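Below you'll find the structure, written out as structure tokens, and then a few comments.
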Amino acid sequence: MPDYAANSVIYWPIEHLVTSFEKVCESQAQDPAQVLDEFLDGQDPEDFWSQVKTNLHAGKVRLVFVADKIPTELQRIVEFLNEQMDPAEVVAVEVKRFLGQGMETLVPRLVGRTAEAVGRKSISHSMRQDWDEQSFFVELLEKRGMDEHNVAKRIYEWSLHNMTRTTWGHGLKDGSCIPVFDYNGENYWPFALWNSGRVEMQFQYLKDRPAFDSIEKRMELLKRLNEIPGIDLLEDGIDRRPSIMLSALTHNDTSNHLLNVFAWIIEVIKNG
């Protein structure tokens, strides 16, 4: 089990997890974006996958042993590891099966979560940053300087006038601002602002929406973005979330060009 967990970062890159999730949904005739939205219940999907990646890299995982009987020796090992390991958590679940009078009953018992282990981990597990406009831009200014702060502020103010609403991330380290455009029962989030100094184009989510579900339309969007001086996104980006650095948008002509592309996206959505 520890060997399995130790190699998870190598064999579970976040791109592989996202692709696997999408394939499972498609095999069950489900829309991955809709399944994720329902599961997250309002949480930003980008923040969710970012947190998954962060957890894996930090070793913040839960190892679970499941058996019909947990031997005393294994129970002691699990309790010891769970008290010593942080942020990883180790538990065992014993599931006893009882049969009688035509009935079957399963009785689970959780092993390993001692009071000492819970106390040690509770502080780190509760850490989370709820970003808002003020905290987002204060952090951006400190991290990236006034020029990039002003570019991000301009994009944000444009979104206030042209998009439907704004959602804020909950990342512990980096904050995200994701403007949303609601139209004909669909939610579109074409781009995301990150206070680490980038604009992330959300091709991965646009491709599941009616206006941009064709490769041709996403390639047209990519072409328009690459016409901005200093921007050179790769073609495989039309199924991913490629980033544009704010430092490349500090001149008014480049930021104007990007806002014109955003306006074009809105027109495409409205025209179906």
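Letters for chains follow the order of the structure tokens (A, B, ...), residue numbers begin at 1 for each chain, and ligand numbers begin at 1 in the order shown.
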Excluding stretch 243-246 of chain A and any residue of its chain fewer than 4 positions from it, enumerate the residues within 7 Å of it, using only C-alpha atoms, and give them as a list in words.
Glu148, Val151, Gly197, Arg198, Val199, Glu200, Met201 and Thr250 of chain A
Write the residues of the selection above to a file with C-alpha atoms, as a tab-separated table (two decimals), in the first residue's frame.
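selection_38.tsv written:
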```
chain	number	residue	atom	x	y	z
A	148	GLU	CA	0.11	42.80	-14.60
A	151	VAL	CA	-4.10	44.15	-17.05
A	197	GLY	CA	-0.02	35.97	-13.44
A	198	ARG	CA	-1.90	34.21	-16.21
A	199	VAL	CA	-5.09	34.04	-18.23
A	200	GLU	CA	-6.16	30.45	-18.74
A	201	MET	CA	-8.24	29.74	-21.85
A	250	THR	CA	0.75	44.86	-20.66
```
Using backbone DSSP assignments, extract all strand (DSSP E or B) residues from stretch 56-193 of chain A; output them as a ChimeraX atom specification.
/A:62-67,89-100,103-111,165-168,176-183,186-188,191-193
For the residues selected in the previous step, produce a file with C-alpha atoms as a PDB file, in the first residue's frame.
```pdb
ATOM      1  CA  ARG A  62      -5.913   8.493   2.255  1.00  0.00           C
ATOM      2  CA  LEU A  63      -4.847   4.845   2.299  1.00  0.00           C
ATOM      3  CA  VAL A  64      -7.708   2.466   3.081  1.00  0.00           C
ATOM      4  CA  PHE A  65      -7.393  -1.227   3.918  1.00  0.00           C
ATOM      5  CA  VAL A  66     -10.710  -3.089   3.576  1.00  0.00           C
ATOM      6  CA  ALA A  67     -11.298  -6.674   4.763  1.00  0.00           C
ATOM      7  CA  GLU A  89      -4.086   9.395   6.391  1.00  0.00           C
ATOM      8  CA  VAL A  90      -4.128   5.613   6.925  1.00  0.00           C
ATOM      9  CA  VAL A  91      -7.271   3.767   8.004  1.00  0.00           C
ATOM     10  CA  ALA A  92      -8.739   0.282   7.858  1.00  0.00           C
ATOM     11  CA  VAL A  93     -12.366  -0.688   7.402  1.00  0.00           C
ATOM     12  CA  GLU A  94     -13.518  -4.018   8.752  1.00  0.00           C
ATOM     13  CA  VAL A  95     -16.771  -5.172   7.151  1.00  0.00           C
ATOM     14  CA  LYS A  96     -18.333  -8.160   8.886  1.00  0.00           C
ATOM     15  CA  ARG A  97     -21.088 -10.093   7.154  1.00  0.00           C
ATOM     16  CA  PHE A  98     -23.980 -11.691   9.028  1.00  0.00           C
ATOM     17  CA  LEU A  99     -26.544 -14.053   7.505  1.00  0.00           C
ATOM     18  CA  GLY A 100     -29.771 -15.335   9.004  1.00  0.00           C
ATOM     19  CA  MET A 103     -31.342 -11.673   5.435  1.00  0.00           C
ATOM     20  CA  GLU A 104     -27.806 -10.377   4.960  1.00  0.00           C
ATOM     21  CA  THR A 105     -26.319  -7.589   7.066  1.00  0.00           C
ATOM     22  CA  LEU A 106     -22.979  -5.826   6.609  1.00  0.00           C
ATOM     23  CA  VAL A 107     -21.527  -4.119   9.686  1.00  0.00           C
ATOM     24  CA  PRO A 108     -18.545  -1.813   9.056  1.00  0.00           C
ATOM     25  CA  ARG A 109     -16.002  -0.739  11.681  1.00  0.00           C
ATOM     26  CA  LEU A 110     -13.447   2.026  11.141  1.00  0.00           C
ATOM     27  CA  VAL A 111      -9.942   1.363  12.486  1.00  0.00           C
ATOM     28  CA  ARG A 165     -21.529  36.539 -13.101  1.00  0.00           C
ATOM     29  CA  THR A 166     -18.166  35.893 -11.470  1.00  0.00           C
ATOM     30  CA  THR A 167     -17.030  32.909  -9.431  1.00  0.00           C
ATOM     31  CA  TRP A 168     -14.010  32.891  -7.128  1.00  0.00           C
ATOM     32  CA  SER A 176      -8.698  32.198  -9.470  1.00  0.00           C
ATOM     33  CA  CYS A 177     -11.379  34.449 -10.897  1.00  0.00           C
ATOM     34  CA  ILE A 178     -13.690  32.768 -13.414  1.00  0.00           C
ATOM     35  CA  PRO A 179     -16.279  34.924 -15.212  1.00  0.00           C
ATOM     36  CA  VAL A 180     -19.327  32.941 -16.350  1.00  0.00           C
ATOM     37  CA  PHE A 181     -21.695  33.656 -19.238  1.00  0.00           C
ATOM     38  CA  ASP A 182     -25.110  31.989 -18.873  1.00  0.00           C
ATOM     39  CA  TYR A 183     -27.060  31.578 -22.101  1.00  0.00           C
ATOM     40  CA  GLU A 186     -25.791  26.557 -20.664  1.00  0.00           C
ATOM     41  CA  ASN A 187     -22.919  27.836 -18.535  1.00  0.00           C
ATOM     42  CA  TYR A 188     -19.864  29.102 -20.397  1.00  0.00           C
ATOM     43  CA  PHE A 191     -11.334  32.008 -19.521  1.00  0.00           C
ATOM     44  CA  ALA A 192     -10.011  32.200 -15.979  1.00  0.00           C
ATOM     45  CA  LEU A 193      -7.765  34.763 -14.315  1.00  0.00           C
TER      46      LEU A 193
END
```
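You will find atom CA of A:Trp131 at 7.9 Å from atom CA of A:Gly171.
Using only C-alpha atoms, the contacts of A:Gly59 at a cut-off of 10 Å, with sequence neighbours closer than 5 positions omitted, comprise Ala5, Ala6, Ser8, Val9, Lys53, Thr54, Met85, Asp86, Pro87, Ala88 and Glu89 of chain A.
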Save out the residues we just selected, N, CA and C atoms, as an mmCIF file, in the first residue's frame.
```cif
data_model
loop_
_atom_site.group_PDB
_atom_site.id
_atom_site.type_symbol
_atom_site.label_atom_id
_atom_site.label_comp_id
_atom_site.auth_asym_id
_atom_site.auth_seq_id
_atom_site.Cartn_x
_atom_site.Cartn_y
_atom_site.Cartn_z
ATOM 1 N N ALA A 5 1.017 4.244 -2.956
ATOM 2 C CA ALA A 5 0.819 5.674 -2.716
ATOM 3 C C ALA A 5 2.043 6.479 -3.125
ATOM 4 N N ALA A 6 3.235 5.947 -2.857
ATOM 5 C CA ALA A 6 4.462 6.676 -3.161
ATOM 6 C C ALA A 6 4.630 6.918 -4.653
ATOM 7 N N SER A 8 2.059 7.287 -6.812
ATOM 8 C CA SER A 8 0.843 7.869 -7.390
ATOM 9 C C SER A 8 1.129 9.148 -8.163
ATOM 10 N N VAL A 9 2.072 9.964 -7.683
ATOM 11 C CA VAL A 9 2.375 11.217 -8.376
ATOM 12 C C VAL A 9 2.945 10.947 -9.759
ATOM 13 N N LYS A 53 -4.335 17.959 -7.905
ATOM 14 C CA LYS A 53 -2.912 17.944 -8.260
ATOM 15 C C LYS A 53 -2.048 18.326 -7.063
ATOM 16 N N THR A 54 -2.469 19.370 -6.355
ATOM 17 C CA THR A 54 -1.717 19.819 -5.180
ATOM 18 C C THR A 54 -1.664 18.732 -4.112
ATOM 19 N N MET A 85 2.019 9.861 10.167
ATOM 20 C CA MET A 85 2.021 10.425 8.814
ATOM 21 C C MET A 85 1.124 11.657 8.728
ATOM 22 N N ASP A 86 1.620 12.685 8.085
ATOM 23 C CA ASP A 86 0.864 13.928 7.880
ATOM 24 C C ASP A 86 1.452 14.614 6.641
ATOM 25 N N PRO A 87 0.623 14.914 5.635
ATOM 26 C CA PRO A 87 -0.838 14.960 5.659
ATOM 27 C C PRO A 87 -1.531 13.654 5.259
ATOM 28 N N ALA A 88 -0.778 12.606 4.937
ATOM 29 C CA ALA A 88 -1.423 11.358 4.548
ATOM 30 C C ALA A 88 -2.201 10.760 5.717
ATOM 31 N N GLU A 89 -3.260 10.041 5.383
ATOM 32 C CA GLU A 89 -4.086 9.395 6.391
ATOM 33 C C GLU A 89 -4.174 7.908 6.075
#
```
Can you work out which one of A:Pro45, A:Gly175, A:Pro229, A:Gly112 has the shortest atom-to-atom distance to A:Ala33, counting only C-alpha atoms?
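The shortest atom-to-atom distance to A:Ala33 comes from A:Pro45.
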Quick one: distance from atom CA of A:Lys153 to atom CA of A:Ser50 in Å, one decimal?
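Atom CA of A:Ser50 lies at a distance of 22.9 Å from atom CA of A:Lys153.
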Mind the document's chain letters and residue numbers, and return as a count of residues only the residues of stretch 28-112 of chain A that DSSP labels alpha helix (DSSP H).
36
Mind pulling up the distance from atom CA of A:Arg224 to atom CA of A:Ile269?
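Spanning atom CA of A:Ile269 to atom CA of A:Arg224 is a straight-line distance of 15.8 Å.
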List the neighbours of A:Asp174 out to 10 Å using only C-alpha atoms; skip same-chain residues closer than 5 positions along the sequence, and give me the result as a short mmCIF file (atom, residue, chain, number, x, y, z; two decimals) with N, CA and C atoms, in the first residue's frame.
```cif
data_model
loop_
_atom_site.label_atom_id
_atom_site.label_comp_id
_atom_site.auth_asym_id
_atom_site.auth_seq_id
_atom_site.Cartn_x
_atom_site.Cartn_y
_atom_site.Cartn_z
N ASP A 47 -10.53 24.85 -9.82
CA ASP A 47 -9.94 24.79 -8.49
C ASP A 47 -9.93 23.35 -7.97
N SER A 50 -7.10 21.52 -9.67
CA SER A 50 -5.86 22.08 -9.15
C SER A 50 -5.58 21.55 -7.74
N GLN A 129 -8.43 28.86 1.30
CA GLN A 129 -8.53 30.30 1.07
C GLN A 129 -9.77 30.57 0.22
N TRP A 131 -11.28 33.12 -1.91
CA TRP A 131 -10.86 34.34 -2.57
C TRP A 131 -12.06 35.23 -2.91
N PHE A 136 -7.97 38.76 -4.05
CA PHE A 136 -7.39 38.30 -5.31
C PHE A 136 -6.42 39.33 -5.87
N GLU A 139 -3.23 40.10 -3.69
CA GLU A 139 -2.23 39.05 -3.86
C GLU A 139 -1.56 39.15 -5.23
N LEU A 140 -2.34 39.45 -6.26
CA LEU A 140 -1.79 39.59 -7.60
C LEU A 140 -0.78 40.74 -7.66
N GLY A 169 -12.29 31.23 -6.75
CA GLY A 169 -11.77 29.94 -6.35
C GLY A 169 -11.51 29.83 -4.86
N TRP A 194 -5.82 34.06 -13.05
CA TRP A 194 -5.11 33.51 -11.90
C TRP A 194 -4.17 34.57 -11.35
N ASN A 195 -4.15 34.72 -10.02
CA ASN A 195 -3.26 35.75 -9.47
C ASN A 195 -1.80 35.31 -9.44
N SER A 196 -1.51 34.18 -10.07
CA SER A 196 -0.12 33.79 -10.32
C SER A 196 0.40 34.42 -11.60
N GLY A 197 -0.48 35.20 -12.28
CA GLY A 197 -0.02 35.97 -13.44
C GLY A 197 -0.37 35.39 -14.79
#
```
Neighbours of A:Gly237 within 12 Å (only C-alpha atoms; same-chain residues fewer than 4 positions away dropped), as number ranges by chain?
A: 200-207, 215, 218-219, 221-223, 225-226, 232-233, 241-244
Compile the contact shell of A:Thr254 as a short mmCIF file (atom, residue, chain, number, x, y, z; two decimals) with N, CA and C atoms, in the first residue's frame: residues with an atom at most 10 Å away, counting only C-alpha atoms, same-chain residues fewer than 6 positions apart removed.
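Writing done, so here's out07.cif:
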```cif
data_model
loop_
_atom_site.label_atom_id
_atom_site.label_comp_id
_atom_site.auth_asym_id
_atom_site.auth_seq_id
_atom_site.Cartn_x
_atom_site.Cartn_y
_atom_site.Cartn_z
N GLU A 227 -3.20 35.52 -33.15
CA GLU A 227 -2.98 36.76 -33.89
C GLU A 227 -2.55 37.90 -32.97
N ILE A 228 -2.70 37.70 -31.66
CA ILE A 228 -2.25 38.71 -30.70
C ILE A 228 -0.72 38.65 -30.64
N PRO A 229 -0.04 39.77 -30.79
CA PRO A 229 1.43 39.76 -30.74
C PRO A 229 1.95 39.14 -29.45
N GLY A 230 2.89 38.21 -29.59
CA GLY A 230 3.49 37.56 -28.43
C GLY A 230 2.79 36.32 -27.97
N ILE A 231 1.65 35.96 -28.60
CA ILE A 231 0.89 34.77 -28.21
C ILE A 231 1.10 33.68 -29.24
N ALA A 248 2.50 39.34 -21.13
CA ALA A 248 2.45 39.52 -22.58
C ALA A 248 1.32 40.45 -23.00
N ASN A 260 -11.20 41.90 -27.51
CA ASN A 260 -11.98 41.74 -28.74
C ASN A 260 -12.25 40.27 -29.03
#
```
Nearest-residue call for A:Trp264, choices A:Pro190, A:Asp44, A:Glu235, A:Glu216, using only C-alpha atoms:
A:Pro190
Near A:Glu15, counting only C-alpha atoms, which residues have an atom at most 10 Å away, once you skip same-chain residues fewer than 4 positions from it, shown as JSON, numbers by chain?
{"A": [19, 20, 21, 49, 53, 240]}
